[in-house]
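Note: the block below is model-v2.pdb and it holds PDB, C-alpha atoms.
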ATOM      1  CA  MET M   1      45.953 -29.979  20.248
ATOM      2  CA  LYS M   2      44.025 -29.231  17.065
ATOM      3  CA  HIS M   3      43.951 -25.812  15.406
ATOM      4  CA  GLY M   4      40.837 -23.889  16.345
ATOM      5  CA  SER M   5      39.642 -22.805  19.779
ATOM      6  CA  LEU M   6      36.585 -21.581  21.602
ATOM      7  CA  THR M   7      36.322 -18.847  24.227
ATOM      8  CA  VAL M   8      32.943 -17.939  25.682
ATOM      9  CA  VAL M   9      32.516 -14.557  27.339
ATOM     10  CA  GLY M  10      29.774 -12.447  28.895
ATOM     11  CA  THR M  11      28.739  -8.913  28.018
ATOM     12  CA  GLY M  12      26.821  -8.250  31.227
ATOM     13  CA  PHE M  13      23.786  -6.015  30.960
ATOM     14  CA  LEU M  14      24.990  -2.440  30.520
ATOM     15  CA  VAL M  15      25.947  -2.091  26.833
ATOM     16  CA  ALA M  16      29.763  -1.934  27.036
ATOM     17  CA  GLY M  17      29.997  -1.198  30.742
ATOM     18  CA  GLN M  18      30.062  -4.709  32.168
ATOM     19  CA  VAL M  19      32.380  -6.343  29.647
ATOM     20  CA  THR M  20      35.603  -7.244  31.446
ATOM     21  CA  PRO M  21      38.906  -6.185  29.852
ATOM     22  CA  GLU M  22      39.744  -9.886  29.519
ATOM     23  CA  SER M  23      36.495 -10.578  27.635
ATOM     24  CA  LEU M  24      36.918  -7.539  25.405
ATOM     25  CA  ALA M  25      40.445  -8.629  24.496
ATOM     26  CA  SER M  26      39.161 -12.119  23.659
ATOM     27  CA  MET M  27      36.437 -10.708  21.425
ATOM     28  CA  ARG M  28      38.918  -8.489  19.613
ATOM     29  CA  ALA M  29      41.469 -11.264  19.161
ATOM     30  CA  ALA M  30      39.025 -13.825  17.760
ATOM     31  CA  ASP M  31      39.008 -14.901  14.110
ATOM     32  CA  LYS M  32      35.253 -15.205  14.425
ATOM     33  CA  LEU M  33      32.919 -13.576  16.962
ATOM     34  CA  PHE M  34      29.382 -14.825  17.537
ATOM     35  CA  PHE M  35      27.093 -12.950  19.881
ATOM     36  CA  LEU M  36      23.732 -13.203  21.566
ATOM     37  CA  VAL M  37      22.643 -10.071  23.402
ATOM     38  CA  ALA M  38      19.284  -9.013  24.789
ATOM     39  CA  GLU M  39      18.858  -5.492  23.458
ATOM     40  CA  PRO M  40      19.838  -3.408  20.431
ATOM     41  CA  ALA M  41      22.386  -0.934  21.830
ATOM     42  CA  THR M  42      24.782  -3.724  22.782
ATOM     43  CA  ARG M  43      24.257  -5.331  19.402
ATOM     44  CA  LEU M  44      25.100  -2.078  17.596
ATOM     45  CA  TRP M  45      28.096  -1.498  19.849
ATOM     46  CA  LEU M  46      29.422  -4.978  19.048
ATOM     47  CA  GLU M  47      28.774  -4.605  15.325
ATOM     48  CA  ASN M  48      30.621  -1.279  15.308
ATOM     49  CA  LEU M  49      33.488  -2.755  17.313
ATOM     50  CA  LEU M  50      33.808  -5.874  15.159
ATOM     51  CA  PRO M  51      31.910  -5.546  11.866
ATOM     52  CA  ALA M  52      32.302  -9.247  11.029
ATOM     53  CA  ALA M  53      30.587 -10.293  14.256
ATOM     54  CA  GLU M  54      27.731 -12.698  13.651
ATOM     55  CA  PRO M  55      24.493 -12.527  15.650
ATOM     56  CA  LEU M  56      22.843 -15.717  16.870
ATOM     57  CA  HIS M  57      19.340 -14.313  17.366
ATOM     58  CA  GLU M  58      17.908 -15.858  14.221
ATOM     59  CA  VAL M  59      17.956 -19.323  15.755
ATOM     60  CA  PHE M  60      14.992 -18.193  17.885
ATOM     61  CA  TRP M  61      11.470 -17.865  16.527
ATOM     62  CA  GLU M  62       7.992 -17.847  17.938
ATOM     63  CA  GLY M  63       7.039 -21.235  19.343
ATOM     64  CA  ARG M  64      10.381 -22.949  18.690
ATOM     65  CA  PRO M  65      11.497 -25.334  21.451
ATOM     66  CA  ARG M  66      14.312 -23.447  23.142
ATOM     67  CA  GLN M  67      16.429 -26.574  23.488
ATOM     68  CA  GLU M  68      16.484 -26.855  19.690
ATOM     69  CA  ALA M  69      17.700 -23.271  19.437
ATOM     70  CA  TYR M  70      20.380 -23.852  22.076
ATOM     71  CA  ASP M  71      21.586 -26.974  20.258
ATOM     72  CA  GLU M  72      21.773 -25.048  16.983
ATOM     73  CA  ILE M  73      23.959 -22.413  18.659
ATOM     74  CA  VAL M  74      26.317 -25.148  19.862
ATOM     75  CA  ASP M  75      26.476 -26.629  16.351
ATOM     76  CA  ARG M  76      27.244 -23.249  14.789
ATOM     77  CA  LEU M  77      30.036 -22.491  17.238
ATOM     78  CA  LEU M  78      31.571 -25.942  16.832
ATOM     79  CA  ALA M  79      31.385 -25.804  13.022
ATOM     80  CA  SER M  80      33.509 -22.651  13.048
ATOM     81  CA  VAL M  81      36.004 -24.102  15.540
ATOM     82  CA  ARG M  82      36.379 -27.191  13.340
ATOM     83  CA  GLN M  83      37.371 -24.886  10.460
ATOM     84  CA  GLY M  84      40.464 -24.041  12.514
ATOM     85  CA  LYS M  85      39.257 -20.630  13.678
ATOM     86  CA  ASP M  86      39.772 -19.055  17.073
ATOM     87  CA  VAL M  87      36.122 -18.503  17.924
ATOM     88  CA  CYS M  88      34.695 -16.239  20.602
ATOM     89  CA  ALA M  89      31.056 -16.450  21.623
ATOM     90  CA  ALA M  90      29.633 -13.548  23.615
ATOM     91  CA  PHE M  91      26.424 -13.991  25.583
ATOM     92  CA  TYR M  92      24.702 -11.289  27.600
ATOM     93  CA  GLY M  93      25.048 -11.588  31.357
ATOM     94  CA  HIS M  94      27.511 -14.203  32.591
ATOM     95  CA  PRO M  95      28.276 -16.825  29.941
ATOM     96  CA  GLY M  96      28.085 -19.649  32.459
ATOM     97  CA  VAL M  97      24.890 -18.640  34.236
ATOM     98  CA  PHE M  98      21.637 -19.816  32.636
ATOM     99  CA  VAL M  99      23.379 -20.421  29.317
ATOM    100  CA  TYR M 100      23.158 -24.046  28.243
ATOM    101  CA  SER M 101      24.873 -23.460  24.888
ATOM    102  CA  SER M 102      28.081 -22.062  26.344
ATOM    103  CA  HIS M 103      28.698 -24.962  28.715
ATOM    104  CA  GLU M 104      27.819 -27.548  26.092
ATOM    105  CA  ALA M 105      29.958 -25.915  23.395
ATOM    106  CA  VAL M 106      32.990 -25.788  25.689
ATOM    107  CA  ARG M 107      32.449 -29.418  26.723
ATOM    108  CA  ARG M 108      32.116 -30.657  23.141
ATOM    109  CA  ALA M 109      35.012 -28.568  21.816
ATOM    110  CA  ARG M 110      37.299 -30.066  24.467
ATOM    111  CA  ALA M 111      35.991 -33.564  23.785
ATOM    112  CA  GLU M 112      36.969 -33.069  20.139
ATOM    113  CA  GLY M 113      40.492 -32.013  21.106
ATOM    114  CA  PHE M 114      40.194 -28.232  20.814
ATOM    115  CA  THR M 115      41.211 -25.640  23.380
ATOM    116  CA  ALA M 116      38.109 -24.166  25.005
ATOM    117  CA  CYS M 117      37.461 -21.953  27.990
ATOM    118  CA  MET M 118      34.842 -19.793  29.663
ATOM    119  CA  LEU M 119      35.582 -16.365  31.102
ATOM    120  CA  PRO M 120      33.531 -14.950  33.982
ATOM    121  CA  GLY M 121      31.086 -12.131  33.404
ATOM    122  CA  VAL M 122      28.483 -10.063  35.221
ATOM    123  CA  SER M 123      25.255 -11.978  35.871
ATOM    124  CA  ALA M 124      21.781 -10.703  36.719
ATOM    125  CA  GLU M 125      22.410 -11.914  40.264
ATOM    126  CA  ASP M 126      25.562  -9.788  40.503
ATOM    127  CA  CYS M 127      23.543  -6.751  39.424
ATOM    128  CA  LEU M 128      20.811  -7.657  41.917
ATOM    129  CA  PHE M 129      23.206  -7.708  44.881
ATOM    130  CA  ALA M 130      24.525  -4.264  43.915
ATOM    131  CA  ASP M 131      21.188  -2.656  43.039
ATOM    132  CA  LEU M 132      19.233  -4.027  46.010
ATOM    133  CA  GLU M 133      22.242  -3.475  48.287
ATOM    134  CA  VAL M 134      21.967  -6.950  49.768
ATOM    135  CA  ASP M 135      24.862  -9.195  50.709
ATOM    136  CA  PRO M 136      24.330 -12.925  50.119
ATOM    137  CA  ALA M 137      26.725 -13.630  52.977
ATOM    138  CA  ALA M 138      24.580 -11.848  55.566
ATOM    139  CA  HIS M 139      22.040 -14.656  56.006
ATOM    140  CA  GLY M 140      23.001 -17.061  53.257
ATOM    141  CA  CYS M 141      21.325 -17.082  49.881
ATOM    142  CA  GLN M 142      19.644 -19.786  47.824
ATOM    143  CA  SER M 143      19.252 -19.426  44.106
ATOM    144  CA  PHE M 144      16.953 -21.550  41.936
ATOM    145  CA  GLU M 145      15.463 -21.545  38.480
ATOM    146  CA  ALA M 146      11.787 -20.877  39.234
ATOM    147  CA  THR M 147      10.257 -23.762  37.251
ATOM    148  CA  ASP M 148      12.792 -26.194  38.681
ATOM    149  CA  PHE M 149      12.062 -24.829  42.175
ATOM    150  CA  LEU M 150       8.365 -25.624  41.737
ATOM    151  CA  ILE M 151       8.396 -28.945  39.908
ATOM    152  CA  ARG M 152      11.061 -30.500  42.099
ATOM    153  CA  GLY M 153       9.781 -29.008  45.330
ATOM    154  CA  ARG M 154      13.271 -27.817  46.181
ATOM    155  CA  PRO M 155      13.775 -27.755  49.934
ATOM    156  CA  PHE M 156      15.004 -24.353  51.082
ATOM    157  CA  ASP M 157      15.626 -22.494  54.313
ATOM    158  CA  PRO M 158      13.429 -19.381  54.660
ATOM    159  CA  HIS M 159      15.908 -18.033  57.217
ATOM    160  CA  SER M 160      18.186 -17.363  54.236
ATOM    161  CA  ALA M 161      17.353 -15.177  51.269
ATOM    162  CA  LEU M 162      15.719 -16.800  48.252
ATOM    163  CA  ILE M 163      16.379 -15.896  44.616
ATOM    164  CA  LEU M 164      14.152 -17.305  41.880
ATOM    165  CA  TRP M 165      15.204 -16.806  38.252
ATOM    166  CA  GLN M 166      12.925 -16.785  35.222
ATOM    167  CA  ILE M 167       9.653 -16.187  37.046
ATOM    168  CA  GLY M 168       8.223 -14.856  33.780
ATOM    169  CA  THR M 169       8.712 -18.143  31.941
ATOM    170  CA  LEU M 170       7.276 -20.666  34.420
ATOM    171  CA  GLY M 171       6.782 -24.036  32.749
ATOM    172  CA  VAL M 172       7.458 -22.716  29.239
ATOM    173  CA  THR M 173      10.133 -24.480  27.186
ATOM    174  CA  THR M 174       9.448 -22.775  23.862
ATOM    175  CA  PHE M 175      10.507 -19.302  22.703
ATOM    176  CA  HIS M 176       8.029 -16.418  22.472
ATOM    177  CA  LEU M 177       8.156 -12.789  21.484
ATOM    178  CA  GLN M 178       5.961 -11.389  24.229
ATOM    179  CA  GLU M 179       7.511 -10.157  27.471
ATOM    180  CA  LEU M 180       5.673 -12.467  29.916
ATOM    181  CA  TRP M 181       5.324 -16.094  28.861
ATOM    182  CA  ASN M 182       3.134 -17.495  31.624
ATOM    183  CA  ALA M 183       1.110 -15.073  33.733
ATOM    184  CA  GLY M 184      -0.896 -17.932  35.241
ATOM    185  CA  GLY M 185       2.283 -19.526  36.550
ATOM    186  CA  LEU M 186       2.774 -16.632  38.935
ATOM    187  CA  ALA M 187      -0.362 -17.613  40.885
ATOM    188  CA  ILE M 188       1.058 -21.133  41.265
ATOM    189  CA  LEU M 189       4.351 -19.675  42.453
ATOM    190  CA  VAL M 190       2.545 -17.514  45.026
ATOM    191  CA  GLU M 191       0.593 -20.516  46.272
ATOM    192  CA  ALA M 192       3.838 -22.481  46.736
ATOM    193  CA  LEU M 193       5.625 -19.633  48.485
ATOM    194  CA  CYS M 194       2.663 -19.062  50.812
ATOM    195  CA  ARG M 195       3.230 -22.552  52.243
ATOM    196  CA  THR M 196       6.399 -21.132  53.792
ATOM    197  CA  TYR M 197       6.029 -17.358  53.966
ATOM    198  CA  PRO M 198       3.197 -15.209  55.344
ATOM    199  CA  PRO M 199       1.216 -13.657  52.461
ATOM    200  CA  ALA M 200       2.429 -10.185  53.458
ATOM    201  CA  HIS M 201       6.104 -11.162  53.582
ATOM    202  CA  PRO M 202       8.146  -8.746  51.471
ATOM    203  CA  ALA M 203       9.418  -9.676  48.039
ATOM    204  CA  ILE M 204      11.129  -7.770  45.241
ATOM    205  CA  VAL M 205      10.653  -8.300  41.526
ATOM    206  CA  TYR M 206      13.917  -7.141  40.029
ATOM    207  CA  GLU M 207      15.240  -6.429  36.569
ATOM    208  CA  ALA M 208      18.761  -5.200  35.846
ATOM    209  CA  THR M 209      18.998  -2.167  33.628
ATOM    210  CA  HIS M 210      20.403  -2.368  30.117
ATOM    211  CA  TYR M 211      20.946   1.358  29.743
ATOM    212  CA  PRO M 212      23.143   3.775  31.676
ATOM    213  CA  VAL M 213      20.391   6.414  31.495
ATOM    214  CA  CYS M 214      17.808   4.125  33.135
ATOM    215  CA  ASP M 215      17.467   2.801  36.659
ATOM    216  CA  PRO M 216      17.038  -0.897  37.354
ATOM    217  CA  LEU M 217      13.408  -1.948  37.793
ATOM    218  CA  ILE M 218      12.925  -2.639  41.501
ATOM    219  CA  GLN M 219       9.333  -3.471  42.422
ATOM    220  CA  ARG M 220       8.864  -3.865  46.166
ATOM    221  CA  THR M 221       5.826  -5.966  46.921
ATOM    222  CA  THR M 222       4.615  -8.865  49.029
ATOM    223  CA  ILE M 223       4.413 -12.562  48.240
ATOM    224  CA  THR M 224       0.753 -12.266  47.252
ATOM    225  CA  GLY M 225       1.473  -9.068  45.308
ATOM    226  CA  ILE M 226       3.897 -10.707  42.881
ATOM    227  CA  PRO M 227       1.316 -11.295  40.085
ATOM    228  CA  ASP M 228       0.407  -7.587  40.188
ATOM    229  CA  CYS M 229       3.959  -6.545  39.350
ATOM    230  CA  GLN M 230       5.346  -5.907  35.908
ATOM    231  CA  VAL M 231       6.957  -9.299  35.300
ATOM    232  CA  ASN M 232       8.809 -10.298  32.152
ATOM    233  CA  THR M 233      11.341 -12.875  30.993
ATOM    234  CA  HIS M 234      14.182 -10.868  32.544
ATOM    235  CA  SER M 235      12.556 -10.646  36.000
ATOM    236  CA  THR M 236      14.208 -12.187  39.035
ATOM    237  CA  LEU M 237      12.487 -12.588  42.406
ATOM    238  CA  TRP M 238      14.236 -11.737  45.664
ATOM    239  CA  VAL M 239      12.640 -12.875  48.931
ATOM    240  CA  PRO M 240      14.398 -11.723  52.115
ATOM    241  CA  PRO M 241      14.792 -14.075  55.099
ATOM    242  CA  ILE M 242      11.759 -14.638  57.272
ATOM    243  CA  ALA M 243      13.787 -14.287  60.486
ATOM    244  CA  LYS M 244      17.271 -14.822  61.837
ATOM    245  CA  ALA M 245      18.355 -18.452  61.956
ATOM    246  CA  ARG M 246      18.776 -20.125  65.328
ATOM    247  CA  PHE M 247      22.173 -19.490  66.913
ATOM    248  CA  ASP M 248      23.841 -22.718  68.012
ATOM    249  CA  VAL M 249      25.644 -21.735  71.207
ATOM    250  CA  ASP M 250      27.315 -25.110  71.678
ATOM    251  CA  ARG M 251      28.735 -25.132  68.158
ATOM    252  CA  ALA M 252      29.885 -21.533  68.557
ATOM    253  CA  ARG M 253      31.740 -22.473  71.768
ATOM    254  CA  GLN M 254      33.240 -25.466  69.962
ATOM    255  CA  LEU M 255      34.639 -23.079  67.367
ATOM    256  CA  GLY M 256      36.036 -20.763  70.015
ATOM    257  CA  ILE M 257      33.553 -17.984  69.329
ATOM    258  CA  PRO M 258      32.940 -15.992  72.548
ATOM    259  CA  VAL M 259      29.255 -16.253  73.524
TER
ATOM    260  CA  MET D   1      20.771   3.682  10.952
ATOM    261  CA  ALA D   2      23.038   6.652  11.710
ATOM    262  CA  LYS D   3      20.673   7.812  14.438
ATOM    263  CA  ARG D   4      20.484   4.345  15.963
ATOM    264  CA  ASN D   5      24.261   4.209  15.969
ATOM    265  CA  ALA D   6      24.505   7.655  17.548
ATOM    266  CA  ILE D   7      22.254   6.580  20.419
ATOM    267  CA  ALA D   8      24.063   3.252  20.823
ATOM    268  CA  ASP D   9      27.399   5.044  20.761
ATOM    269  CA  LEU D  10      26.254   7.411  23.498
ATOM    270  CA  MET D  11      24.919   4.485  25.563
ATOM    271  CA  ALA D  12      28.280   2.710  25.202
ATOM    272  CA  LYS D  13      30.211   5.823  26.245
ATOM    273  CA  LEU D  14      27.971   6.512  29.238
ATOM    274  CA  SER D  15      28.135   2.889  30.346
ATOM    275  CA  VAL D  16      31.912   2.977  30.789
ATOM    276  CA  ASP D  17      32.297   6.486  32.204
ATOM    277  CA  PRO D  18      30.462   7.302  35.458
ATOM    278  CA  ALA D  19      31.589  10.940  35.336
ATOM    279  CA  LEU D  20      30.107  11.325  31.867
ATOM    280  CA  ARG D  21      26.928   9.642  33.103
ATOM    281  CA  ARG D  22      26.649  12.142  35.950
ATOM    282  CA  ARG D  23      27.115  14.974  33.489
ATOM    283  CA  PHE D  24      24.346  13.543  31.322
ATOM    284  CA  LYS D  25      21.975  13.323  34.282
ATOM    285  CA  GLU D  26      22.725  16.911  35.274
ATOM    286  CA  ASP D  27      22.534  18.411  31.791
ATOM    287  CA  PRO D  28      21.456  16.154  28.920
ATOM    288  CA  SER D  29      21.263  19.123  26.549
ATOM    289  CA  SER D  30      25.035  19.547  26.750
ATOM    290  CA  PHE D  31      25.311  16.312  24.734
ATOM    291  CA  LYS D  32      23.264  17.596  21.820
ATOM    292  CA  ASP D  33      26.147  18.544  19.565
ATOM    293  CA  GLU D  34      28.766  16.015  20.638
ATOM    294  CA  ALA D  35      26.329  13.085  20.377
ATOM    295  CA  GLY D  36      24.552  14.399  17.300
ATOM    296  CA  LEU D  37      21.085  13.928  18.775
ATOM    297  CA  THR D  38      17.932  16.018  18.565
ATOM    298  CA  ASP D  39      16.200  17.637  21.526
ATOM    299  CA  GLU D  40      13.484  14.964  21.322
ATOM    300  CA  GLU D  41      16.005  12.140  21.401
ATOM    301  CA  LEU D  42      17.844  13.661  24.333
ATOM    302  CA  GLU D  43      14.532  14.163  26.134
ATOM    303  CA  LEU D  44      13.682  10.520  25.543
ATOM    304  CA  LEU D  45      17.023   9.337  26.895
ATOM    305  CA  ALA D  46      16.828  11.685  29.859
ATOM    306  CA  GLY D  47      13.341  10.333  30.650
ATOM    307  CA  GLY D  48      14.957   7.081  31.771
ATOM    308  CA  ASN D  49      12.217   4.796  30.455
ATOM    309  CA  SER D  50      14.050   1.671  29.307
ATOM    310  CA  ASN D  51      11.233   0.492  27.027
ATOM    311  CA  GLN D  52      11.233   3.846  25.229
ATOM    312  CA  VAL D  53      15.019   3.833  24.952
ATOM    313  CA  ARG D  54      14.920   0.318  23.515
ATOM    314  CA  ASP D  55      12.117   1.220  21.101
ATOM    315  CA  SER D  56      14.105   4.206  19.838
ATOM    316  CA  PHE D  57      16.333   1.715  18.024
ATOM    317  CA  GLY D  58      13.486   0.850  15.707
ATOM    318  CA  GLY D  59      11.065  -1.938  14.940
ATOM    319  CA  ASP D  60      13.673  -4.632  14.466
ATOM    320  CA  ALA D  61      15.156  -4.005  17.897
ATOM    321  CA  THR D  62      16.126  -7.133  19.747
ATOM    322  CA  VAL D  63      13.759  -7.157  22.672
ATOM    323  CA  ASN D  64      13.743 -10.569  24.207
ATOM    324  CA  CYS D  65      15.452 -12.885  26.575
ATOM    325  CA  PHE D  66      17.396 -15.600  24.783
ATOM    326  CA  THR D  67      19.746 -17.338  27.136
ATOM    327  CA  LEU D  68      17.045 -18.752  29.341
ATOM    328  CA  PHE D  69      17.725 -22.093  30.850
ATOM    329  CA  VAL D  70      15.611 -25.121  30.138
ATOM    330  CA  GLY D  71      16.409 -28.428  31.801
ATOM    331  CA  LYS D  72      17.289 -31.080  29.212
ATOM    332  CA  ASP D  73      16.447 -33.985  31.480
ATOM    333  CA  GLU D  74      12.910 -33.050  32.387
ATOM    334  CA  ARG D  75      12.499 -35.914  34.854
TER
END

The structure given in the file should be rewritten as structure tokens.
Amino acid sequence: MKHGSLTVVGTGFLVAGQVTPESLASMRAADKLFFLVAEPATRLWLENLLPAAEPLHEVFWEGRPRQEAYDEIVDRLLASVRQGKDVCAAFYGHPGVFVYSSHEAVRRARAEGFTACMLPGVSAEDCLFADLEVDPAAHGCQSFEATDFLIRGRPFDPHSALILWQIGTLGVTTFHLQELWNAGGLAILVEALCRTYPPAHPAIVYEATHYPVCDPLIQRTTITGIPDCQVNTHSTLWVPPIAKARFDVDRARQLGIPV
Amino acid sequence: MAKRNAIADLMAKLSVDPALRRRFKEDPSSFKDEAGLTDEELELLAGGNSNQVRDSFGGDATVNCFTLFVGKDER
């Protein structure tokens, strides 16, 4: 195995509060720490903790294709690993959830003969389950990236809960500074959802909190009310099940469940 | 910069200590001396408006979503 390694970790959403002890130890032990976080308190906390830490935010600028930025992050991480350094890359949320660069960097580092691994973190979905007090096991839960959900017409079961990520960026593949990247896309999303749900079916536009002094943003609405909510690039949509799924008595008997 | 660090430091402490967070919610003013913040800053933090908290870090505050997914194989 070559000298040099890569560990990718997540910082969650709550400044220092959702960094696992394992991730914190990896950040501290690294020869080089790169980070990409979504708000300034976490950035300052990281810079105080490890003054040599290097931010990755400058790869993003108005109008830049995001894929280009993600590829540049991968290149920067790999360049440091190739110098023989033990590199840690910290991304907000979970490093393996909606983070192209982390998966690709780990894959390429391994392909080049370096040790590379990803540690679990706290994702927006994890925060959602806690803050909305919903259990994905209760009725099942389907989770899709919102643009992908629309353009591929993903089949889903409305008797299970539905989670749609990135409803504030529908159809947009470039980076922008404003908080909502495609307001018009929300009307298209509503139209698609109304093919399955009644217009007055409940929905929640959710945003995890970044600060321990602030509550998460939980906007309870209906399917047709989604465009009236405060939606931004961090917003996630939760749609509860339309009804209980059919109970298969024969299958239950087959499994020995008393019916 | 010192002020921004003081607020970030308090946010970091509160985020790992639920008991401290409860104390802050009950009596933010008790943090004035130990956190080195003004009444206005404590009032802002106690107000619980995340946009205002974020903006208190200054104009170069990182305010956006970066690790958004975009499918590489569009078709």

Q) Within 12 Å of (23.7, 4.4, 16.8), all atoms listed in the file: residues as a ChimeraX atom specification? A) /M:40-48 /D:1-13,35-37,41,53-54,56-58

Q: Do a neighbour search on Arg23 in chain D at 12 Å with all atoms listed in the file, toss out local chain neighbours closer than 5 positions, and write the hits as a list of chain:residue names.
A: M:Val213, D:Leu14, D:Asp17, D:Pro18, D:Pro28, D:Ser29, D:Ser30, D:Phe31, D:Ala46

Q. Got a sec: who's within 8 Å of Val239 in chain M, counting only C-alpha atoms, leaving out chain neighbours fewer than 3 positions off, as number ranges by chain?
A. M: 161-163, 202-204

Skipping near chain neighbours, those fewer than 5 positions away, what residues fall within 10 Å of Leu193 in chain M using all atoms listed in the file, listed as a PDB file with C-alpha atoms, in the frame of the given file?
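Everything below was put into result.pdb:
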ATOM      1  CA  LEU M 150       8.365 -25.624  41.737  1.00  0.00           C
ATOM      2  CA  PRO M 158      13.429 -19.381  54.660  1.00  0.00           C
ATOM      3  CA  ALA M 187      -0.362 -17.613  40.885  1.00  0.00           C
ATOM      4  CA  ILE M 188       1.058 -21.133  41.265  1.00  0.00           C
ATOM      5  CA  PRO M 198       3.197 -15.209  55.344  1.00  0.00           C
ATOM      6  CA  PRO M 199       1.216 -13.657  52.461  1.00  0.00           C
ATOM      7  CA  HIS M 201       6.104 -11.162  53.582  1.00  0.00           C
ATOM      8  CA  ILE M 223       4.413 -12.562  48.240  1.00  0.00           C
ATOM      9  CA  THR M 224       0.753 -12.266  47.252  1.00  0.00           C
ATOM     10  CA  VAL M 239      12.640 -12.875  48.931  1.00  0.00           C
TER      11      VAL M 239
END

Q. So which residues fall inside 12 Å of (4.8, -14.8, 27.2) if we count only C-alpha atoms? Mind giving them as a PyMOL selection string?
A. (chain M and resi 62-63+166-185+231-234) or (chain D and resi 64-65)

Q: Using all atoms listed in the file, determine which residues lie at most 6 Å from range 111-126 of chain M, disregarding the query and same-chain residues fewer than 2 positions distant; provide the list as a ChimeraX atom specification.
A: /M:1-2,5-10,12,93-94,106,108-109,128-129

Q: Find the residue from D:Leu44, D:Lys32, D:Asp39, D:Ser50 that sits nearest to chain M; use all atoms listed in the file when measuring.
A: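 Checking each candidate against chain M, we get D:Ser50 as the closest.
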
Q | Among the residues M:Ile151, M:Val259, M:Ala38, M:Val190, the one that comes closest to Thr209 in chain M [using all atoms listed in the file] | A |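 Going through M:Ile151, M:Val259, M:Ala38, M:Val190 one by one, the smallest distance to Thr209 in chain M is for M:Ala38.
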
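The residues returned by the PyMOL selection byres ((chain M and resi 84) around 10) on the shown structure are Lys2, His3, Gly4, Ser5, Asp31, Ala79, Ser80, Val81, Arg82, Gln83, Lys85, Asp86, Val87 and Phe114 of chain M.
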